[in-house]
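Enquirer: So I've got this file, protein-v2.txt, and it contains compact mmCIF, C-alpha atoms:
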```txt
# COMPACT_ATOMS: atom_id res chain seq x y z
CA MET U 1 74.52 69.47 192.15
CA ASP U 2 75.95 72.88 193.08
CA ASN U 3 72.49 74.42 193.04
CA TYR U 4 71.23 71.66 195.33
CA GLN U 5 74.02 72.18 197.83
CA SER U 6 73.43 75.93 197.76
CA ARG U 7 69.75 75.55 198.52
CA ARG U 8 70.51 73.02 201.23
CA GLY U 9 72.88 75.44 202.92
CA SER U 10 70.30 78.21 202.73
CA VAL U 11 67.75 76.08 204.59
CA PHE U 12 70.11 75.35 207.46
CA ARG U 13 71.10 79.02 207.70
CA HIS U 14 67.46 80.10 207.82
CA PRO U 15 66.88 81.25 211.45
CA GLY U 16 63.12 80.69 211.39
CA TYR U 17 63.52 77.19 210.00
CA LEU U 18 66.06 76.22 212.63
CA ASN U 19 63.65 77.15 215.43
CA PHE U 20 60.81 75.38 213.61
CA ALA U 21 62.86 72.19 213.20
CA ALA U 22 64.12 72.27 216.79
CA SER U 23 60.59 72.65 218.11
CA ARG U 24 59.29 69.71 216.08
CA VAL U 25 62.27 67.48 216.88
CA PHE U 26 62.24 68.05 220.64
CA SER U 27 58.45 67.68 220.76
CA SER U 28 58.62 64.43 218.80
CA ILE U 29 61.43 63.01 220.94
CA SER U 30 59.39 63.82 224.05
CA PHE U 31 56.20 62.26 222.71
CA GLN U 32 57.92 59.10 221.47
CA SER U 33 59.83 58.64 224.72
CA ALA U 34 56.68 59.00 226.81
CA THR U 35 54.62 56.79 224.49
CA VAL U 36 57.03 53.86 224.52
CA ALA U 37 57.19 54.09 228.32
CA MET U 38 53.41 54.13 228.64
CA GLY U 39 53.06 51.18 226.27
CA TRP U 40 55.58 49.09 228.18
CA MET U 41 54.09 50.10 231.55
CA ILE U 42 50.52 49.21 230.64
CA TYR U 43 51.54 45.84 229.21
CA ASP U 44 53.75 45.22 232.25
CA GLN U 45 50.75 45.84 234.49
CA THR U 46 48.09 44.03 232.46
CA HIS U 47 49.84 41.53 230.11
CA SER U 48 46.92 42.26 227.80
CA ALA U 49 46.87 42.76 224.02
CA PHE U 50 43.48 44.41 224.50
CA ALA U 51 45.04 47.05 226.77
CA LEU U 52 47.71 47.76 224.16
CA GLY U 53 44.96 48.20 221.59
CA LEU U 54 43.22 50.68 223.87
CA VAL U 55 46.38 52.81 223.94
CA GLY U 56 46.06 53.31 220.18
CA PHE U 57 42.32 53.87 220.40
CA CYS U 58 42.70 56.54 223.10
CA GLN U 59 45.13 58.43 220.88
CA PHE U 60 42.87 58.08 217.86
CA LEU U 61 39.47 59.03 219.33
CA PRO U 62 40.32 62.66 220.27
CA MET U 63 41.79 63.18 216.82
CA VAL U 64 38.53 62.12 215.16
CA ILE U 65 36.43 64.32 217.43
CA LEU U 66 38.63 67.42 217.17
CA THR U 67 39.89 67.29 213.57
CA PHE U 68 37.59 69.89 212.05
CA VAL U 69 37.85 72.20 215.07
CA VAL U 70 41.63 72.00 214.76
CA GLY U 71 41.56 73.05 211.12
CA HIS U 72 39.55 76.20 211.80
CA VAL U 73 41.67 77.15 214.79
CA ALA U 74 44.88 76.74 212.77
CA ASP U 75 43.51 78.91 209.95
CA ARG U 76 42.17 81.68 212.22
CA PHE U 77 44.85 82.12 214.91
CA ASP U 78 48.63 82.45 215.17
CA ARG U 79 49.98 78.95 214.54
CA ARG U 80 53.05 79.59 216.68
CA ARG U 81 50.92 80.32 219.74
CA ILE U 82 48.84 77.21 219.14
CA GLY U 83 52.03 75.14 218.97
CA LEU U 84 53.27 76.77 222.19
CA ALA U 85 50.05 75.97 224.08
CA CYS U 86 50.12 72.36 222.86
CA GLN U 87 53.72 71.72 223.86
CA LEU U 88 53.24 73.28 227.29
CA LEU U 89 50.21 71.07 227.94
CA GLU U 90 52.12 67.98 226.83
CA GLY U 91 55.00 68.92 229.12
CA ILE U 92 52.65 69.33 232.09
CA THR U 93 51.06 65.94 231.34
CA CYS U 94 54.48 64.26 231.32
CA LEU U 95 55.40 65.99 234.58
CA ILE U 96 52.21 64.63 236.18
CA LEU U 97 53.03 61.15 234.85
CA ALA U 98 56.51 61.39 236.38
CA VAL U 99 55.14 62.33 239.80
CA ALA U 100 52.38 59.69 239.65
CA THR U 101 54.90 56.99 238.70
CA TRP U 102 57.29 58.08 241.44
CA GLN U 103 54.50 57.88 244.04
CA HIS U 104 53.16 54.57 242.60
CA TRP U 105 49.79 56.13 241.83
CA LEU U 106 49.74 55.28 238.14
CA THR U 107 47.23 52.61 237.14
CA PRO U 108 46.19 51.36 233.68
CA THR U 109 43.23 53.73 233.84
CA GLY U 110 45.53 56.64 234.62
CA ILE U 111 47.84 55.70 231.74
CA LEU U 112 44.91 55.60 229.31
CA ALA U 113 43.68 58.97 230.62
CA ALA U 114 47.13 60.48 229.98
CA VAL U 115 47.24 58.94 226.51
CA THR U 116 43.84 60.49 225.75
CA VAL U 117 44.97 63.94 226.87
CA MET U 118 48.16 63.76 224.83
CA GLY U 119 46.20 62.45 221.84
CA ALA U 120 43.89 65.45 222.03
CA VAL U 121 46.77 67.92 222.28
CA VAL U 122 48.75 66.27 219.47
CA SER U 123 45.66 66.46 217.25
CA PHE U 124 46.09 70.27 217.46
CA GLU U 125 49.88 70.41 217.36
CA ARG U 126 50.74 68.28 214.32
CA PRO U 127 48.49 69.82 211.64
CA THR U 128 49.16 73.31 212.99
CA MET U 129 52.93 72.89 212.77
CA ALA U 130 52.65 71.30 209.32
CA ALA U 131 50.57 74.25 208.13
CA LEU U 132 53.13 76.68 209.60
CA LEU U 133 56.11 75.52 207.52
CA PRO U 134 55.21 77.36 204.27
CA ASN U 135 55.06 80.60 206.31
CA VAL U 136 58.55 80.00 207.68
CA VAL U 137 60.41 79.47 204.38
CA GLY U 138 59.73 80.75 200.88
CA PRO U 139 58.37 78.62 198.00
CA SER U 140 61.86 78.10 196.54
CA LEU U 141 63.01 76.38 199.74
CA LEU U 142 59.80 74.54 200.59
CA GLN U 143 60.62 71.18 199.03
CA GLN U 144 64.10 71.21 200.56
CA ALA U 145 62.60 72.17 203.92
CA ILE U 146 60.13 69.26 203.70
CA ALA U 147 62.91 66.76 202.92
CA THR U 148 65.15 68.09 205.68
CA SER U 149 62.29 68.19 208.16
CA THR U 150 61.43 64.59 207.31
CA SER U 151 65.02 63.54 208.03
CA MET U 152 65.04 65.36 211.35
CA MET U 153 61.70 63.92 212.40
CA GLN U 154 62.85 60.41 211.59
CA THR U 155 65.96 61.03 213.67
CA ALA U 156 63.63 61.98 216.51
CA PHE U 157 61.68 58.77 215.97
CA ILE U 158 64.94 56.87 216.42
CA ILE U 159 66.13 58.77 219.47
CA GLY U 160 62.78 59.03 221.27
CA PRO U 161 61.84 55.34 221.54
CA SER U 162 65.42 54.34 222.26
CA ILE U 163 65.70 56.87 225.09
CA GLY U 164 62.26 55.92 226.37
CA GLY U 165 63.14 52.22 226.52
CA LEU U 166 66.57 52.78 228.05
CA LEU U 167 65.33 55.27 230.65
CA TYR U 168 62.39 53.04 231.57
CA GLY U 169 64.82 50.16 232.17
CA PHE U 170 66.81 52.46 234.46
CA ASP U 171 63.83 53.96 236.31
CA PRO U 172 60.15 54.20 235.20
CA VAL U 173 60.06 57.84 236.31
CA ALA U 174 62.96 58.86 234.06
CA PRO U 175 61.33 58.85 230.58
CA PHE U 176 58.47 61.07 231.76
CA ALA U 177 60.78 63.56 233.47
CA PHE U 178 62.99 63.62 230.37
CA SER U 179 59.96 64.24 228.13
CA ALA U 180 58.75 67.12 230.29
CA ILE U 181 62.13 68.85 229.92
CA CYS U 182 62.21 68.32 226.14
CA PHE U 183 58.70 69.73 225.76
CA ALA U 184 59.87 72.88 227.59
CA ILE U 185 62.74 73.24 225.09
CA ALA U 186 60.32 72.73 222.19
CA SER U 187 58.03 75.43 223.60
CA PHE U 188 60.86 77.97 223.71
CA ASN U 189 61.75 77.28 220.09
CA VAL U 190 58.22 77.43 218.69
CA ILE U 191 57.55 80.88 220.08
CA SER U 192 60.95 82.05 218.74
CA ILE U 193 60.16 81.18 215.11
CA LYS U 194 60.64 84.10 212.70
CA MET U 195 58.07 84.18 209.92
CA GLU U 196 59.13 84.89 206.34
CA ARG U 197 55.55 85.25 205.14
CA GLN U 198 52.65 86.35 207.29
CA GLN U 199 49.88 83.85 207.81
CA LYS U 200 46.68 84.54 205.89
CA SER U 201 44.18 84.15 208.67
CA GLY U 202 40.76 83.09 207.44
CA ARG U 203 37.86 84.99 208.97
CA GLU U 204 34.98 83.37 207.12
CA PRO U 205 31.93 82.46 209.24
CA VAL U 206 31.96 79.01 210.79
CA THR U 207 29.50 77.01 208.68
CA LEU U 208 29.23 73.35 207.71
CA LYS U 209 30.70 74.26 204.33
CA SER U 210 33.72 76.01 205.82
CA VAL U 211 34.24 73.28 208.43
CA PHE U 212 34.37 70.57 205.78
CA ALA U 213 36.26 72.69 203.23
CA GLY U 214 39.41 70.65 203.79
CA VAL U 215 37.58 67.43 202.92
CA ALA U 216 36.05 69.01 199.83
CA PHE U 217 39.44 70.30 198.68
CA ILE U 218 41.10 66.89 199.02
CA ARG U 219 38.20 65.22 197.18
CA SER U 220 38.70 67.70 194.33
CA LYS U 221 42.31 66.54 193.93
CA PRO U 222 42.20 62.84 192.90
CA LEU U 223 45.97 62.41 193.15
CA MET U 224 46.03 63.80 196.68
CA LEU U 225 43.01 61.71 197.69
CA GLY U 226 44.47 58.54 196.23
CA THR U 227 47.86 59.05 197.85
CA ILE U 228 46.46 59.88 201.29
CA SER U 229 43.92 57.05 201.29
CA LEU U 230 46.51 54.53 200.08
CA ASP U 231 48.73 55.40 203.02
CA LEU U 232 45.76 55.23 205.39
CA PHE U 233 44.61 51.74 204.46
CA ALA U 234 48.09 50.32 203.99
CA VAL U 235 49.27 51.33 207.47
CA LEU U 236 45.85 50.56 208.99
CA LEU U 237 46.20 46.97 207.84
CA GLY U 238 49.97 46.54 207.92
CA GLY U 239 50.98 48.45 211.05
CA ALA U 240 52.48 46.22 213.73
CA THR U 241 53.81 48.87 216.11
CA ALA U 242 51.03 48.33 218.66
CA LEU U 243 52.14 44.72 219.05
CA LEU U 244 55.85 45.45 219.51
CA PRO U 245 55.70 44.99 223.31
CA MET U 246 54.24 41.52 222.71
CA PHE U 247 56.88 40.62 220.11
CA ALA U 248 59.68 42.01 222.30
CA ARG U 249 58.62 40.21 225.45
CA ASP U 250 56.89 37.00 224.39
CA ILE U 251 58.40 36.10 220.99
CA LEU U 252 61.83 37.71 220.82
CA HIS U 253 62.37 37.54 224.61
CA ALA U 254 63.91 41.01 224.84
CA GLY U 255 63.45 43.56 227.61
CA PRO U 256 62.69 47.30 227.48
CA TRP U 257 65.95 47.87 225.53
CA GLY U 258 64.72 45.43 222.90
CA LEU U 259 61.40 47.23 222.64
CA GLY U 260 63.22 50.51 222.21
CA LEU U 261 65.35 48.97 219.44
CA LEU U 262 62.32 47.57 217.64
CA ARG U 263 60.46 50.87 217.92
CA ALA U 264 63.50 52.72 216.59
CA SER U 265 64.13 50.39 213.64
CA PRO U 266 61.37 51.70 211.31
CA ALA U 267 62.59 55.22 212.03
CA ILE U 268 66.16 54.29 211.17
CA GLY U 269 65.01 52.89 207.84
CA ALA U 270 62.87 55.97 207.29
CA LEU U 271 65.79 58.26 208.11
CA VAL U 272 68.05 56.54 205.60
CA MET U 273 65.37 56.74 202.91
CA SER U 274 64.57 60.40 203.64
CA VAL U 275 68.26 61.29 203.31
CA VAL U 276 68.41 59.36 200.03
CA LEU U 277 65.32 61.17 198.73
CA ALA U 278 66.74 64.54 199.80
CA ARG U 279 69.99 63.78 198.01
CA TRP U 280 68.41 62.10 194.97
CA PRO U 281 64.77 63.30 194.78
CA ILE U 282 62.19 61.33 192.86
CA GLN U 283 62.15 62.95 189.43
CA SER U 284 60.39 60.29 187.35
CA GLN U 285 57.81 57.52 187.77
CA ALA U 286 56.95 58.80 191.26
CA GLY U 287 53.54 57.11 191.27
CA LYS U 288 54.85 53.68 190.30
CA LYS U 289 57.69 53.91 192.80
CA MET U 290 55.21 54.81 195.54
CA LEU U 291 52.96 51.83 194.74
CA ILE U 292 55.93 49.47 194.69
CA ALA U 293 57.17 50.88 197.99
CA VAL U 294 53.82 50.30 199.71
CA ALA U 295 53.75 46.70 198.41
CA ILE U 296 57.25 46.21 199.85
CA PHE U 297 55.91 47.60 203.14
CA GLY U 298 53.37 44.76 203.19
CA VAL U 299 55.96 42.08 202.39
CA ALA U 300 58.30 43.37 205.12
CA THR U 301 55.43 43.30 207.62
CA ILE U 302 54.86 39.62 206.84
CA VAL U 303 58.57 38.84 207.28
CA PHE U 304 58.62 40.63 210.64
CA SER U 305 55.57 38.73 211.83
CA LEU U 306 57.13 35.36 210.98
CA SER U 307 60.51 36.18 212.53
CA SER U 308 61.68 34.82 215.88
CA ASN U 309 65.16 36.34 215.51
CA VAL U 310 65.89 39.88 216.72
CA ILE U 311 68.28 40.65 213.87
CA LEU U 312 65.80 39.54 211.19
CA SER U 313 62.99 41.44 212.94
CA VAL U 314 65.06 44.63 213.02
CA GLY U 315 65.94 44.20 209.34
CA ALA U 316 62.29 43.79 208.38
CA LEU U 317 61.32 46.88 210.36
CA LEU U 318 64.11 48.86 208.69
CA ILE U 319 62.51 48.03 205.34
CA VAL U 320 59.07 48.90 206.70
CA GLY U 321 60.29 52.38 207.63
CA ALA U 322 62.20 52.96 204.40
CA SER U 323 59.31 51.95 202.14
CA ASP U 324 56.78 53.96 204.13
CA THR U 325 58.90 57.11 203.75
CA VAL U 326 58.42 57.10 199.98
CA SER U 327 54.67 57.46 200.55
CA VAL U 328 55.23 60.09 203.26
CA VAL U 329 57.37 62.30 201.00
CA VAL U 330 54.90 62.08 198.11
CA ARG U 331 51.93 62.85 200.35
CA SER U 332 53.61 65.72 202.21
CA SER U 333 54.77 67.39 199.01
CA LEU U 334 51.34 67.21 197.41
CA VAL U 335 49.53 68.54 200.49
CA GLN U 336 51.89 71.49 201.00
CA LEU U 337 52.34 72.51 197.38
CA LEU U 338 48.75 72.13 196.19
CA THR U 339 47.01 73.84 199.13
CA PRO U 340 46.48 77.64 199.44
CA ASP U 341 47.74 79.12 202.72
CA GLU U 342 44.31 80.17 204.00
CA MET U 343 43.18 76.52 203.85
CA ARG U 344 46.35 74.78 205.05
CA GLY U 345 45.07 74.36 208.59
CA ARG U 346 41.92 72.54 207.50
CA VAL U 347 43.63 70.44 204.82
CA ASN U 348 46.49 69.47 207.13
CA ALA U 349 43.98 68.63 209.87
CA VAL U 350 42.24 66.19 207.53
CA ASN U 351 45.61 64.82 206.45
CA SER U 352 46.59 64.35 210.10
CA LEU U 353 43.31 62.54 210.71
CA PHE U 354 44.18 60.14 207.89
CA ILE U 355 47.65 59.61 209.35
CA GLY U 356 46.25 59.21 212.86
CA THR U 357 43.61 56.81 211.61
CA SER U 358 46.23 54.63 209.96
CA ASN U 359 48.45 54.65 213.06
CA GLN U 360 46.24 54.84 216.15
CA LEU U 361 43.18 53.03 214.80
CA GLY U 362 45.54 50.53 213.19
CA GLU U 363 47.04 49.89 216.61
CA PHE U 364 43.56 49.35 218.05
CA GLU U 365 42.64 46.97 215.20
CA SER U 366 45.89 45.05 215.63
CA GLY U 367 45.39 44.75 219.38
CA MET U 368 41.85 43.47 219.00
CA LEU U 369 42.80 40.99 216.29
CA ALA U 370 45.88 39.81 218.20
CA ALA U 371 43.74 39.10 221.26
CA VAL U 372 41.90 36.53 219.12
CA LEU U 373 44.45 35.31 216.57
CA GLY U 374 47.74 36.11 218.27
CA PRO U 375 50.38 38.60 217.07
CA ILE U 376 51.96 36.43 214.37
CA VAL U 377 48.77 35.69 212.43
CA THR U 378 47.63 39.28 212.91
CA GLY U 379 50.82 40.60 211.30
CA ILE U 380 50.57 38.18 208.38
CA VAL U 381 46.95 39.13 207.72
CA GLY U 382 47.89 42.82 207.83
CA GLY U 383 50.77 42.42 205.40
CA VAL U 384 48.66 40.48 202.91
CA GLY U 385 45.92 43.10 203.28
CA THR U 386 48.40 45.88 202.48
CA ILE U 387 49.43 44.19 199.24
CA ALA U 388 45.76 43.72 198.34
CA VAL U 389 45.11 47.44 198.92
CA VAL U 390 47.91 48.37 196.51
CA LEU U 391 46.38 46.19 193.79
CA LEU U 392 42.90 47.63 194.43
CA TRP U 393 44.12 51.25 194.42
CA MET U 394 45.81 50.70 191.06
CA ARG U 395 42.31 50.14 189.69
CA LEU U 396 40.42 52.76 191.75
CA PHE U 397 43.01 55.52 191.15
CA PRO U 398 44.66 54.67 187.81
CA ASP U 399 46.27 58.13 187.63
CA LEU U 400 48.40 57.31 190.69
CA GLY U 401 50.68 55.15 188.59
CA LYS U 402 51.00 57.94 186.03
CA VAL U 403 52.40 60.56 188.43
CA LYS U 404 55.84 61.57 187.19
CA THR U 405 57.06 64.06 189.81
CA LEU U 406 56.24 65.05 193.38
CA SER U 407 54.70 68.28 192.18
CA GLY U 408 51.90 66.19 190.62
```
What do you get writing this file as structure tokens?

Expert:
Amino acid sequence: MDNYQSRRGSVFRHPGYLNFAASRVFSSISFQSATVAMGWMIYDQTHSAFALGLVGFCQFLPMVILTFVVGHVADRFDRRRIGLACQLLEGITCLILAVATWQHWLTPTGILAAVTVMGAVVSFERPTMAALLPNVVGPSLLQQAIATSTSMMQTAFIIGPSIGGLLYGFDPVAPFAFSAICFAIASFNVISIKMERQQKSGREPVTLKSVFAGVAFIRSKPLMLGTISLDLFAVLLGGATALLPMFARDILHAGPWGLGLLRASPAIGALVMSVVLARWPIQSQAGKKMLIAVAIFGVATIVFSLSSNVILSVGALLIVGASDTVSVVVRSSLVQLLTPDEMRGRVNAVNSLFIGTSNQLGEFESGMLAAVLGPIVTGIVGGVGTIAVVLLWMRLFPDLGKVKTLSG
């Protein structure tokens, strides 16, 4: 207990970590605020589930195309400068969105173009920043830094959508202007990060082998592969976030504030769980607890889909976020602790692709299916599919259930 508190204090007193955390938090708040505004705006203009699905697809496609380029860039160049360039570009995009909205220029095509640009930039930013963390703090503080960072990011996921929904209800220009300012703050912090360990920049020739080294490394680690792929397919099938504007407007009859609340609910649940895991880390039966948590994720998705009451819907989404966090903590710990520094860019790029696939492609899949079956049936099918994936993965990756600790 005393040792834990001592290490926790050391993380918060670490100057490099504070800048790192501030950069990630402000960037995430900005992105979430802008995304919820764009989702509401495009549905407000089109009333189309297909258009909502395209929002997810336009975020996902650049990530697929750029993943392996991102990994090499993150392993060869200063990760702080890459983060700075990404956050500045995102800020400029939000500023353009603010002006275009103010002048009534913004059309569904323009929104999708902005989503594509931000998707491309985020595909560089997220794996690069994830790969940077082990250079900011030493190995003894890494697990604590991961847990604390997870809590902060989930806080951002709560604040961002809520602010985006509230500001959009006040004035559609406001969330984009707010995001532009937050991205500027994030940029200042990322370039101010003090490194504890210098990055080992890889200078190997760019070949097919080196490009796909991250994939090969993950394939060589069955526990990492099983954990990452479980999260991918579970969220791909069970994710309902793309349909939240439909649920908020057509089923729950709530306005932009309701959408912001629904978007924030999974993050609130995730925040609570991340704090619990930081305070009482998983020290035994980690694999079994992860599998159970993903199954609960599927059940909660079904409950949300069947609900016509805002309170019940929020409760189900709280459970969705809490259960998903167990998988996030396991996956993040394995990726960071089992990967050598000179390969962290490529491995984290592949990991980000898996995460992006489960989120953005899942949103596209949900939008397409909802256009045919409606949001309720789509959510039920996704929840049942998630539970089926858990049962299948127990057979395909039997060692998953045998994992005792987060260090594998």

Enquirer: For Gly119 in chain U, find every residue with an atom within 12 Å (counting all atoms listed in the file), except residues of its own chain fewer than 4 positions away, and show them as a ChimeraX atom specification.

Expert: /U:31,35,55-67,86,89-90,93,112-115,123-126,352-353,356-357,359-360

Enquirer: Limited to C-alpha atoms, could you put the picked residues into a file as a compact mmCIF listing (two decimals), in the frame of the given file?

Expert:
```txt
# COMPACT_ATOMS: atom_id res chain seq x y z
CA PHE U 31 56.20 62.26 222.71
CA THR U 35 54.62 56.79 224.49
CA VAL U 55 46.38 52.81 223.94
CA GLY U 56 46.06 53.31 220.18
CA PHE U 57 42.32 53.87 220.40
CA CYS U 58 42.70 56.54 223.10
CA GLN U 59 45.13 58.43 220.88
CA PHE U 60 42.87 58.08 217.86
CA LEU U 61 39.47 59.03 219.33
CA PRO U 62 40.32 62.66 220.27
CA MET U 63 41.79 63.18 216.82
CA VAL U 64 38.53 62.12 215.16
CA ILE U 65 36.43 64.32 217.43
CA LEU U 66 38.63 67.42 217.17
CA THR U 67 39.89 67.29 213.57
CA CYS U 86 50.12 72.36 222.86
CA LEU U 89 50.21 71.07 227.94
CA GLU U 90 52.12 67.98 226.83
CA THR U 93 51.06 65.94 231.34
CA LEU U 112 44.91 55.60 229.31
CA ALA U 113 43.68 58.97 230.62
CA ALA U 114 47.13 60.48 229.98
CA VAL U 115 47.24 58.94 226.51
CA SER U 123 45.66 66.46 217.25
CA PHE U 124 46.09 70.27 217.46
CA GLU U 125 49.88 70.41 217.36
CA ARG U 126 50.74 68.28 214.32
CA SER U 352 46.59 64.35 210.10
CA LEU U 353 43.31 62.54 210.71
CA GLY U 356 46.25 59.21 212.86
CA THR U 357 43.61 56.81 211.61
CA ASN U 359 48.45 54.65 213.06
CA GLN U 360 46.24 54.84 216.15
```

Enquirer: Using only C-alpha atoms, give me every residue within 10 Å of (52.5, 59.2, 237.7) in file coordinates, as a VMD selection string.

Expert: chain U and resid 93 to 107 110 to 111 114 172 to 173 176

Enquirer: List as number ranges by chain the residues having at least one atom at most 10 Å from position (61.6, 77.2, 221.8) as given in the file, counting all atoms listed in the file.

Expert: U: 19-20, 22-24, 26, 84, 87, 182-193

Enquirer: Between U:Val117, U:Leu259, U:Ile159, U:Leu230, which has the minimum distance to Gly39 in chain U (counting only C-alpha atoms)?

Expert: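 The answer is U:Leu259, which sits nearest to Gly39 in chain U.
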
Enquirer: Any idea what the distance is between CA of Leu132 in chain U and CA of Phe77 in chain U?

Expert: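 If I compute the distance from CA of Leu132 in chain U to CA of Phe77 in chain U, I get 11.2 Å.
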
Enquirer: Can you work out which one of U:Leu133, U:Val389, U:Val73, U:Ala270 has the shortest atom-to-atom distance to Val235 in chain U, counting all atoms listed in the file?

Expert: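 The shortest atom-to-atom distance to Val235 in chain U comes from U:Val389.
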
Enquirer: Just the residues within 12 Å of Leu312 in chain U, please, counting all atoms listed in the file, with nothing from its chain fewer than 4 positions along; format it as JSON, numbers by chain.

Expert: {"U": [252, 262, 265, 300, 301, 302, 303, 304, 305, 306, 307, 308, 316, 317, 318, 319]}

Enquirer: Quote the spacing between CA of Val329 in chain U and CA of Ser274 in chain U in Å to one decimal place.

Expert: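 Result for CA of Val329 in chain U versus CA of Ser274 in chain U: 7.9 Å, one decimal.
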
Enquirer: Near Ser179 in chain U, within 8 Å and counting all atoms listed in the file, which residues show up once chain neighbours fewer than 6 positions away are dropped, as an NGL selection string?

Expert: :U and (29-31 or 33-34 or 91 or 94)

Enquirer: With all atoms listed in the file as the atoms that count, which of U:Val70, U:Val121, U:Val381, U:Val11 lies nearest to Ala85 in chain U?

Expert: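 Ranked by minimum distance to Ala85 in chain U, first place goes to U:Val121.
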
Enquirer: Using all atoms listed in the file, which of U:Val403, U:Ala254, U:Leu237, U:Val272 sits nearest Met290 in chain U?

Expert: U:Val403

Enquirer: Smallest atom-to-atom distance to Ala130 in chain U: which of U:Gly315, U:Gly345, U:Gly321, U:Gly298, using all atoms listed in the file?

Expert: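 Among the listed residues, the smallest separation from Ala130 in chain U belongs to U:Gly345.
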
Enquirer: Taking all atoms listed in the file into account, which of U:Pro15, U:Gly362, U:Pro398, U:Gly260 comes nearest Val137 in chain U?

Expert: U:Pro15

Enquirer: Calculate how many Å separate CA of His253 in chain U from CA of Val372 in chain U, rounding to one decimal.

Expert: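 CA of Val372 in chain U lies at a distance of 21.2 Å from CA of His253 in chain U.
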
Enquirer: Identify, on the basis of only C-alpha atoms, every residue whose closest approach to Gly169 in chain U does not exceed 12 Å; exclude the query and any residue fewer than 6 positions from it along the same chain; express the result as a ChimeraX atom specification.

Expert: /U:36-37,40-41,162-163,175,254-260
